[in-house]
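Okay, target_23.cif is below, mmCIF, C-alpha atoms:
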data_model
#
loop_
_atom_site.label_atom_id
_atom_site.label_comp_id
_atom_site.auth_asym_id
_atom_site.auth_seq_id
_atom_site.Cartn_x
_atom_site.Cartn_y
_atom_site.Cartn_z
CA MET A 1 -13.62 1.04 -118.04
CA SER A 2 -11.78 3.15 -115.46
CA ASP A 3 -11.98 6.84 -114.66
CA ALA A 4 -11.88 8.70 -117.96
CA ALA A 5 -9.94 11.58 -116.45
CA VAL A 6 -6.83 9.43 -116.01
CA PRO A 7 -4.97 9.07 -119.29
CA PRO A 8 -3.96 5.47 -119.95
CA ALA A 9 -0.25 6.26 -119.95
CA ALA A 10 0.85 2.63 -119.70
CA ALA A 11 -1.30 1.38 -122.57
CA PRO A 12 0.83 0.86 -125.68
CA VAL A 13 -0.10 3.14 -128.56
CA PRO A 14 -1.00 0.87 -131.49
CA VAL A 15 1.44 1.23 -134.35
CA THR A 16 -0.32 2.03 -137.63
CA LEU A 17 0.15 -0.17 -140.69
CA LEU A 18 1.47 2.85 -142.56
CA ARG A 19 4.15 3.33 -139.89
CA ILE A 20 5.14 -0.35 -140.17
CA PHE A 21 5.27 0.00 -143.95
CA THR A 22 7.49 3.10 -143.90
CA GLU A 23 9.89 1.70 -141.31
CA PHE A 24 10.43 -1.56 -143.18
CA LEU A 25 10.64 0.31 -146.48
CA ILE A 26 13.49 2.36 -145.00
CA ILE A 27 15.27 -0.77 -143.72
CA GLY A 28 14.64 -2.60 -147.02
CA GLY A 29 15.92 0.35 -149.02
CA THR A 30 19.03 1.22 -147.05
CA SER A 31 20.44 -2.10 -145.77
CA PHE A 32 23.46 -2.33 -148.03
CA GLY A 33 25.90 -5.11 -147.25
CA GLY A 34 23.83 -7.17 -144.81
CA VAL A 35 20.54 -6.54 -143.14
CA VAL A 36 21.07 -7.36 -139.45
CA PRO A 37 22.71 -4.11 -138.27
CA TYR A 38 20.05 -2.07 -140.09
CA LEU A 39 17.29 -4.16 -138.50
CA ARG A 40 18.72 -3.46 -135.09
CA GLY A 41 19.10 0.24 -135.86
CA GLY A 42 15.50 0.52 -137.05
CA LEU A 43 13.65 -1.79 -134.66
CA VAL A 44 15.58 -1.24 -131.44
CA THR A 45 17.23 2.18 -131.66
CA ARG A 46 14.97 4.26 -133.91
CA THR A 47 11.46 2.99 -133.11
CA GLY A 48 11.92 1.14 -129.83
CA TRP A 49 9.53 -1.58 -131.05
CA LEU A 50 11.89 -4.20 -129.59
CA ASP A 51 14.41 -4.12 -126.78
CA ASP A 52 17.83 -5.65 -127.28
CA ARG A 53 16.97 -8.93 -125.57
CA GLU A 54 13.83 -9.40 -127.68
CA PHE A 55 15.79 -8.56 -130.81
CA VAL A 56 18.46 -11.20 -130.17
CA GLU A 57 15.83 -13.78 -129.26
CA MET A 58 13.77 -13.12 -132.42
CA LEU A 59 16.88 -13.19 -134.57
CA SER A 60 17.90 -16.57 -133.18
CA ILE A 61 14.41 -17.94 -133.93
CA CYS A 62 14.69 -16.59 -137.49
CA GLN A 63 18.06 -18.25 -137.90
CA SER A 64 16.78 -21.70 -136.96
CA LEU A 65 13.79 -21.51 -139.32
CA PRO A 66 14.04 -21.70 -143.10
CA GLY A 67 13.82 -18.30 -144.75
CA LEU A 68 16.04 -15.26 -144.87
CA ASN A 69 16.70 -13.31 -141.68
CA ALA A 70 15.43 -10.11 -143.28
CA THR A 71 12.02 -11.47 -144.23
CA ASN A 72 11.55 -13.69 -141.17
CA MET A 73 12.28 -10.73 -138.89
CA ALA A 74 9.78 -8.61 -140.85
CA VAL A 75 7.12 -11.29 -140.35
CA LEU A 76 7.78 -11.68 -136.63
CA VAL A 77 7.91 -7.96 -135.86
CA GLY A 78 4.87 -7.22 -138.04
CA GLN A 79 3.04 -10.04 -136.26
CA LYS A 80 3.96 -8.67 -132.85
CA LEU A 81 2.80 -5.13 -133.74
CA ARG A 82 -0.35 -5.72 -135.79
CA GLY A 83 -1.02 -9.45 -136.36
CA PRO A 84 -1.33 -10.98 -139.85
CA LEU A 85 -1.80 -7.66 -141.69
CA GLY A 86 1.21 -6.20 -139.90
CA ALA A 87 3.32 -9.18 -140.95
CA LEU A 88 2.17 -8.89 -144.57
CA VAL A 89 2.81 -5.15 -144.74
CA ALA A 90 6.24 -5.53 -143.15
CA ILE A 91 7.49 -8.27 -145.50
CA VAL A 92 6.18 -6.50 -148.62
CA ALA A 93 7.86 -3.23 -147.62
CA MET A 94 11.08 -5.08 -146.76
CA CYS A 95 11.27 -6.69 -150.21
CA LEU A 96 9.98 -3.82 -152.35
CA PRO A 97 13.11 -1.65 -152.85
CA GLY A 98 15.51 -4.54 -153.57
CA ALA A 99 12.98 -6.27 -155.82
CA VAL A 100 12.39 -3.15 -157.94
CA LEU A 101 16.13 -2.56 -158.18
CA MET A 102 16.92 -6.14 -159.23
CA TYR A 103 14.06 -6.07 -161.76
CA VAL A 104 15.68 -3.08 -163.43
CA VAL A 105 19.16 -4.62 -163.14
CA GLY A 106 17.85 -7.85 -164.71
CA VAL A 107 16.44 -6.02 -167.72
CA PHE A 108 19.61 -3.97 -168.12
CA TYR A 109 21.90 -6.99 -167.73
CA ARG A 110 20.03 -8.97 -170.36
CA GLN A 111 20.55 -6.15 -172.84
CA HIS A 112 24.10 -5.13 -171.98
CA GLY A 113 25.55 -8.04 -170.01
CA ASP A 114 27.91 -9.09 -172.77
CA HIS A 115 29.68 -5.76 -173.26
CA ALA A 116 33.35 -6.13 -172.40
CA ALA A 117 33.33 -3.42 -169.73
CA VAL A 118 30.27 -4.92 -168.00
CA THR A 119 31.73 -8.44 -168.17
CA GLY A 120 34.97 -7.24 -166.59
CA ALA A 121 33.16 -5.50 -163.75
CA LEU A 122 30.91 -8.54 -163.21
CA LYS A 123 33.91 -10.86 -162.97
CA GLY A 124 35.31 -8.66 -160.22
CA VAL A 125 31.97 -8.44 -158.44
CA ALA A 126 31.51 -12.23 -158.56
CA ALA A 127 35.01 -12.89 -157.21
CA ALA A 128 34.39 -10.42 -154.37
CA ALA A 129 31.06 -12.12 -153.61
CA VAL A 130 32.86 -15.46 -153.20
CA GLY A 131 35.17 -13.84 -150.64
CA LEU A 132 32.12 -12.42 -148.86
CA ILE A 133 30.39 -15.81 -148.63
CA LEU A 134 33.53 -17.49 -147.33
CA SER A 135 33.96 -14.80 -144.67
CA THR A 136 30.38 -15.43 -143.53
CA VAL A 137 31.18 -19.15 -143.29
CA VAL A 138 34.23 -18.43 -141.11
CA GLN A 139 32.40 -15.96 -138.86
CA LEU A 140 29.37 -18.20 -138.37
CA GLY A 141 31.64 -21.19 -137.83
CA LYS A 142 33.60 -19.43 -135.10
CA LYS A 143 30.39 -18.45 -133.36
CA SER A 144 28.33 -21.60 -133.56
CA LEU A 145 30.47 -24.69 -134.18
CA ASP A 146 30.88 -26.67 -131.01
CA GLY A 147 33.54 -29.39 -130.94
CA SER A 148 35.23 -31.44 -133.66
CA ALA A 149 32.06 -33.45 -134.40
CA ASP A 150 30.49 -30.25 -135.77
CA PHE A 151 33.37 -29.80 -138.20
CA ILE A 152 32.74 -33.34 -139.43
CA PHE A 153 29.04 -32.53 -139.95
CA VAL A 154 30.05 -29.45 -141.97
CA LEU A 155 32.46 -31.53 -144.04
CA VAL A 156 29.95 -34.35 -144.65
CA THR A 157 27.34 -31.80 -145.77
CA VAL A 158 29.76 -30.14 -148.21
CA VAL A 159 31.02 -33.46 -149.63
CA ALA A 160 27.48 -34.82 -149.98
CA VAL A 161 26.22 -31.76 -151.86
CA MET A 162 29.35 -31.02 -153.93
CA GLY A 163 31.01 -34.40 -154.39
CA PHE A 164 28.09 -36.80 -154.55
CA HIS A 165 25.42 -34.37 -155.76
CA VAL A 166 23.10 -35.34 -152.96
CA SER A 167 20.20 -32.88 -153.17
CA VAL A 168 20.08 -30.18 -150.52
CA PRO A 169 16.90 -31.43 -148.78
CA VAL A 170 18.32 -34.95 -148.43
CA ALA A 171 21.57 -33.57 -146.99
CA LEU A 172 19.62 -31.27 -144.72
CA LEU A 173 17.41 -34.06 -143.36
CA GLY A 174 20.11 -36.75 -143.25
CA VAL A 175 23.03 -34.86 -141.77
CA GLY A 176 20.66 -32.64 -139.78
CA ALA A 177 19.05 -35.63 -138.08
CA ALA A 178 22.45 -37.13 -137.24
CA ALA A 179 23.72 -33.80 -135.86
CA ILE A 180 20.58 -33.25 -133.78
CA LEU A 181 20.90 -36.75 -132.33
CA TRP A 182 24.57 -36.10 -131.59
CA HIS A 183 23.57 -32.96 -129.66
CA ARG A 184 20.63 -34.76 -128.00
CA PRO A 185 19.70 -33.68 -124.50
CA LYS A 186 21.72 -35.29 -121.72
CA ALA A 187 19.86 -37.88 -119.69
CA PRO A 188 17.68 -35.98 -117.24
CA THR A 189 19.16 -35.58 -113.80
CA PRO A 190 16.56 -35.76 -111.06
CA MET B 1 4.58 -22.52 -173.18
CA SER B 2 4.17 -20.53 -170.01
CA GLU B 3 6.93 -20.92 -167.47
CA ILE B 4 4.78 -19.53 -164.65
CA PRO B 5 3.73 -22.87 -163.07
CA ALA B 6 7.33 -24.12 -163.18
CA LEU B 7 8.58 -20.86 -161.60
CA ALA B 8 6.02 -21.19 -158.81
CA ARG B 9 6.94 -24.82 -158.18
CA VAL B 10 10.73 -24.39 -158.24
CA PHE B 11 10.88 -21.24 -156.11
CA SER B 12 8.47 -22.45 -153.43
CA TYR B 13 10.60 -25.59 -153.15
CA LEU B 14 13.80 -23.50 -152.93
CA SER B 15 12.14 -21.35 -150.28
CA LEU B 16 12.09 -24.22 -147.80
CA LEU B 17 15.79 -24.98 -148.35
CA THR B 18 17.00 -21.58 -147.15
CA VAL B 19 18.00 -22.82 -143.70
CA GLY B 20 20.64 -20.47 -142.31
CA GLY B 21 20.50 -18.14 -145.32
CA GLY B 22 19.69 -17.86 -149.00
CA MET B 23 23.04 -19.27 -150.07
CA ALA B 24 22.05 -22.68 -148.69
CA ALA B 25 19.66 -23.00 -151.62
CA PHE B 26 22.25 -21.97 -154.23
CA PRO B 27 23.36 -25.44 -155.43
CA GLU B 28 19.74 -26.47 -155.89
CA LEU B 29 18.91 -23.11 -157.52
CA GLN B 30 21.69 -23.75 -160.02
CA GLU B 31 20.43 -27.29 -160.65
CA GLN B 32 16.81 -26.24 -161.22
CA ALA B 33 17.15 -22.86 -162.93
CA VAL B 34 20.16 -23.67 -165.14
CA HIS B 35 20.24 -27.43 -165.73
CA VAL B 36 16.59 -28.50 -165.48
CA HIS B 37 14.69 -25.47 -166.84
CA GLY B 38 17.33 -23.51 -168.76
CA TRP B 39 16.05 -20.13 -167.60
CA LEU B 40 19.61 -18.77 -167.65
CA THR B 41 23.23 -19.91 -167.91
CA ASP B 42 25.67 -20.73 -165.10
CA LYS B 43 27.57 -17.53 -165.77
CA GLN B 44 24.44 -15.40 -165.73
CA LEU B 45 23.33 -16.94 -162.46
CA ILE B 46 26.66 -16.15 -160.82
CA HIS B 47 26.63 -12.61 -162.19
CA LEU B 48 23.08 -11.94 -161.01
CA TYR B 49 23.74 -13.38 -157.56
CA SER B 50 26.88 -11.27 -157.19
CA VAL B 51 25.27 -8.05 -158.37
CA GLY B 52 22.41 -8.87 -156.00
CA GLN B 53 24.84 -8.48 -153.12
CA LEU B 54 24.87 -4.76 -153.92
CA ALA B 55 21.10 -4.41 -153.56
CA PRO B 56 19.65 -3.51 -150.15
CA GLY B 57 17.17 -5.76 -148.39
CA PRO B 58 16.98 -9.58 -148.41
CA ASN B 59 20.07 -10.82 -150.25
CA MET B 60 18.35 -13.18 -152.71
CA MET B 61 16.52 -10.50 -154.70
CA MET B 62 18.31 -11.64 -157.85
CA ILE B 63 15.54 -14.25 -158.16
CA VAL B 64 13.34 -11.37 -159.40
CA ALA B 65 15.54 -11.07 -162.47
CA ILE B 66 15.24 -14.81 -163.17
CA GLY B 67 11.45 -14.56 -162.89
CA GLN B 68 11.44 -11.55 -165.19
CA TRP B 69 13.50 -13.32 -167.84
CA ALA B 70 11.43 -16.48 -167.76
CA GLY B 71 7.98 -14.93 -167.42
CA GLY B 72 8.01 -11.12 -167.59
CA LEU B 73 6.47 -9.02 -164.82
CA ALA B 74 4.08 -11.85 -163.88
CA GLY B 75 7.07 -14.18 -163.63
CA ALA B 76 8.87 -11.78 -161.30
CA LEU B 77 5.83 -11.47 -159.02
CA VAL B 78 5.22 -15.22 -158.97
CA VAL B 79 8.85 -15.87 -158.07
CA LEU B 80 8.68 -13.34 -155.21
CA ALA B 81 5.48 -14.84 -153.78
CA ALA B 82 6.74 -18.41 -154.20
CA PHE B 83 10.15 -17.76 -152.68
CA PHE B 84 9.07 -15.66 -149.70
CA GLY B 85 5.52 -16.93 -149.11
CA PRO B 86 6.10 -20.43 -147.70
CA THR B 87 8.80 -19.42 -145.23
CA ALA B 88 6.81 -16.35 -144.17
CA VAL B 89 3.77 -18.50 -143.36
CA LEU B 90 6.01 -20.99 -141.56
CA ALA B 91 7.69 -18.25 -139.52
CA TYR B 92 4.28 -16.78 -138.67
CA ALA B 93 2.92 -20.13 -137.53
CA VAL B 94 5.95 -21.60 -135.79
CA ALA B 95 7.72 -18.68 -134.11
CA ALA B 96 5.24 -18.28 -131.26
CA ALA B 97 5.21 -22.01 -130.53
CA TRP B 98 9.00 -22.18 -130.81
CA LYS B 99 9.32 -19.42 -128.22
CA ARG B 100 7.05 -21.31 -125.83
CA LEU B 101 9.28 -24.40 -126.17
CA GLU B 102 12.17 -22.55 -124.54
CA SER B 103 12.52 -25.11 -121.76
CA TRP B 104 12.10 -28.14 -124.06
CA PRO B 105 15.57 -29.78 -124.03
CA TRP B 106 15.39 -30.88 -127.68
CA ARG B 107 15.05 -27.25 -128.75
CA THR B 108 18.72 -26.64 -127.95
CA SER B 109 19.63 -29.92 -129.65
CA ILE B 110 17.82 -28.88 -132.83
CA GLN B 111 19.52 -25.47 -132.85
CA LYS B 112 22.94 -27.00 -132.22
CA GLY B 113 22.39 -29.74 -134.79
CA LEU B 114 21.19 -27.41 -137.54
CA ALA B 115 24.13 -25.03 -137.08
CA PRO B 116 26.85 -27.21 -138.69
CA VAL B 117 24.51 -28.37 -141.47
CA SER B 118 23.51 -24.83 -142.40
CA ILE B 119 27.16 -23.75 -142.34
CA GLY B 120 27.96 -26.75 -144.56
CA LEU B 121 25.20 -25.75 -147.00
CA LEU B 122 26.45 -22.17 -147.01
CA LEU B 123 29.98 -23.37 -147.73
CA ALA B 124 28.73 -25.70 -150.48
CA GLY B 125 26.87 -22.74 -152.00
CA GLY B 126 30.02 -20.61 -151.81
CA LEU B 127 32.16 -23.33 -153.42
CA THR B 128 29.58 -23.88 -156.16
CA MET B 129 29.83 -20.20 -156.93
CA ALA B 130 33.62 -20.20 -156.67
CA LYS B 131 33.81 -22.90 -159.36
CA GLY B 132 32.24 -20.47 -161.81
CA ALA B 133 33.57 -17.17 -160.48
CA VAL B 134 37.18 -17.94 -159.55
CA THR B 135 38.71 -18.69 -162.93
CA GLY B 136 42.31 -17.52 -162.61
CA THR B 137 44.90 -15.73 -160.53
CA LEU B 138 43.20 -12.33 -160.68
CA THR B 139 39.78 -13.51 -159.54
CA ALA B 140 41.36 -15.73 -156.87
CA THR B 141 43.29 -12.72 -155.58
CA VAL B 142 40.13 -10.60 -155.37
CA ALA B 143 38.22 -13.36 -153.53
CA ALA B 144 41.09 -13.93 -151.08
CA ALA B 145 41.58 -10.21 -150.51
CA VAL B 146 37.88 -9.69 -149.72
CA LEU B 147 37.88 -12.67 -147.37
CA ILE B 148 40.93 -11.45 -145.46
CA ILE B 149 39.76 -7.83 -145.25
CA LEU B 150 36.33 -8.85 -143.97
CA LEU B 151 37.81 -11.13 -141.31
CA ARG B 152 40.27 -8.52 -140.08
CA PHE B 153 38.39 -5.25 -140.36
CA LYS B 154 34.87 -4.04 -139.69
CA ILE B 155 33.84 -2.70 -143.07
CA ASN B 156 30.60 -2.74 -145.05
CA PRO B 157 30.84 -5.74 -147.42
CA ALA B 158 28.94 -3.87 -150.14
CA LEU B 159 31.90 -1.48 -150.44
CA LEU B 160 34.25 -4.39 -151.11
CA VAL B 161 31.90 -5.84 -153.72
CA ILE B 162 31.87 -2.44 -155.45
CA GLY B 163 35.68 -2.39 -155.16
CA GLY B 164 35.83 -5.83 -156.79
CA GLY B 165 33.66 -4.52 -159.61
CA ALA B 166 35.85 -1.45 -160.12
CA PHE B 167 38.95 -3.63 -160.16
CA GLY B 168 37.35 -5.98 -162.69
CA PHE B 169 36.25 -3.04 -164.83
CA LEU B 170 39.82 -1.73 -164.95
CA VAL B 171 41.79 -4.96 -165.14
CA MET B 172 39.68 -7.90 -166.32
CA GLN B 173 38.10 -6.65 -169.55
#
Written form, structure tokens:
Amino acid sequence: MSDAAVPPAAAPVPVTLLRIFTEFLIIGGTSFGGVVPYLRGGLVTRTGWLDDREFVEMLSICQSLPGLNATNMAVLVGQKLRGPLGALVAIVAMCLPGAVLMYVVGVFYRQHGDHAAVTGALKGVAAAAVGLILSTVVQLGKKSLDGSADFIFVLVTVVAVMGFHVSVPVALLGVGAAAILWHRPKAPTP
Amino acid sequence: MSEIPALARVFSYLSLLTVGGGMAAFPELQEQAVHVHGWLTDKQLIHLYSVGQLAPGPNMMMIVAIGQWAGGLAGALVVLAAFFGPTAVLAYAVAAAWKRLESWPWRTSIQKGLAPVSIGLLLAGGLTMAKGAVTGTLTATVAAAVLIILLRFKINPALLVIGGGAFGFLVMQ
């Protein structure tokens, strides 16, 4: 359109699908112990595809939608870079390393899972995983619970699911609706 | 009889329950995979989930092993597509609209309301696992130690899970 002699310096260089695939393959294959720091390292620091503000905003959207942070982030970033194909490539690459690994582990575990040494190690791993989940509960709770009503909503959810065997979707809709109403917007001030 | 249709049904349903993380779907995963369909035992489910914490990437990849057991390679692929497909499509469709609703006052209400419920589901998932995994003083000590270390120090959780495994290998055989 404009003078061909002037290079379009401001125009963003389109990211190739291969580049999206490799980047998410790296994140998917190296993110041991929780994916968020690796996402930030890859998407903000290494590639500059997102700035910090965008990253936090996308992550908070991912957290309020169903789905895992890792895969939701892959979809949103892939979408931003290259539309539907970008999203597909990103989520596949994100899942590939862990999926292959767990496929192999599954086959191995079925054959050797009842050896005494394996059982001992698995008991320790499972106990450690419980500690890990509880620490996530505490950290998330500190960050996002707001007032004593929220603690009651947490408690009601736990008791409903554990004590009364209310199915997860019913608890989610029932307690969720009550909690959303509790946090309803204040009456508009003109 | 092929388990593939059941795998597709169960895991696409579980997909939509993962509000705030994969663990939110754990009690229902246990109900469906162990009690309803008998694809594996309680103990196997807990072991697979825990070992899955050592794998990189999304932390529910242990579902691949369940799919593989119940339906071979096809089962594993079906489980992956069923578990990640619905939420991926939802994220793709909703995220842009959700961003545009930034000034909608109910958006904050929804975020604030979902927070305690998703923490409750996470805790219920953790307690469901604890019932099977914490069986005595030794396992309780490992769980408590990991919890305290993670709350007090910045350390990669995968290292502690490996440590738990090493401890179990040496002491709990």
If I put a ball of radius 9 Å at (19.6, -8.1, -153.7) in the file's coordinates, which residues poke into it when counting only C-alpha atoms, written as a PyMOL selection string? (chain A and resi 32+98-99+101-102) or (chain B and resi 48-63)
The PyMOL selection byres ((chain B and resi 5-8) around 7) applied to the shown file, residues as JSON, numbers by chain: {"B": [3, 4, 9, 10, 11, 12, 78, 79, 82]}
With all atoms listed in the file as the counted atoms, please give the residues lying no more than 12 Å from Gly131 of chain A, apart from itself and same-chain residues fewer than 4 positions off, as a PyMOL selection string. (chain A and resi 124-127+135-138) or (chain B and resi 50+53+123+126-127+129-130+133-134+139-151+157-158+160-161+164)
Contacts of segment 57-64 of chain A within 7 Å, only C-alpha atoms, excl. fewer than 2 positions in-chain, as number ranges by chain: A: 53-55, 66, 69, 72-73; B: 19-20, 95, 111
Which residue out of A:Val154, A:Val161, A:Leu81, A:Ile133 has the minimum interatomic distance to Val13 of chain A when all atoms listed in the file are used?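 Under the stated criterion, the closest residue is A:Leu81.
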Which residue out of A:Phe153, A:Trp49, A:Phe24, A:Phe164 has the minimum interatomic distance to chain B when all atoms listed in the file are used?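 Smallest distance to chain B is found for A:Phe153.
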One decimal, Å: what's the distance from atom CA of Thr135 of chain B over to atom CA of Gln111 of chain A, could you say?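 Separating atom CA of Thr135 of chain B from atom CA of Gln111 of chain A is a distance of 24.2 Å.
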Interatomic distance (Å, one decimal) between atom CA of Ala93 of chain A and atom CA of Phe84 of chain B: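 A separation of 12.7 Å between them.
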Which residue of B:Leu170, B:Val36, B:Ala65, B:Ala91 approaches Gly67 of chain A most closely, using only C-alpha atoms: B:Ala91
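Using only C-alpha atoms, the nearest neighbour of Ser15 of chain B within the list B:Phe83, B:Tyr92, B:Phe153, B:Phe169 is B:Phe83.
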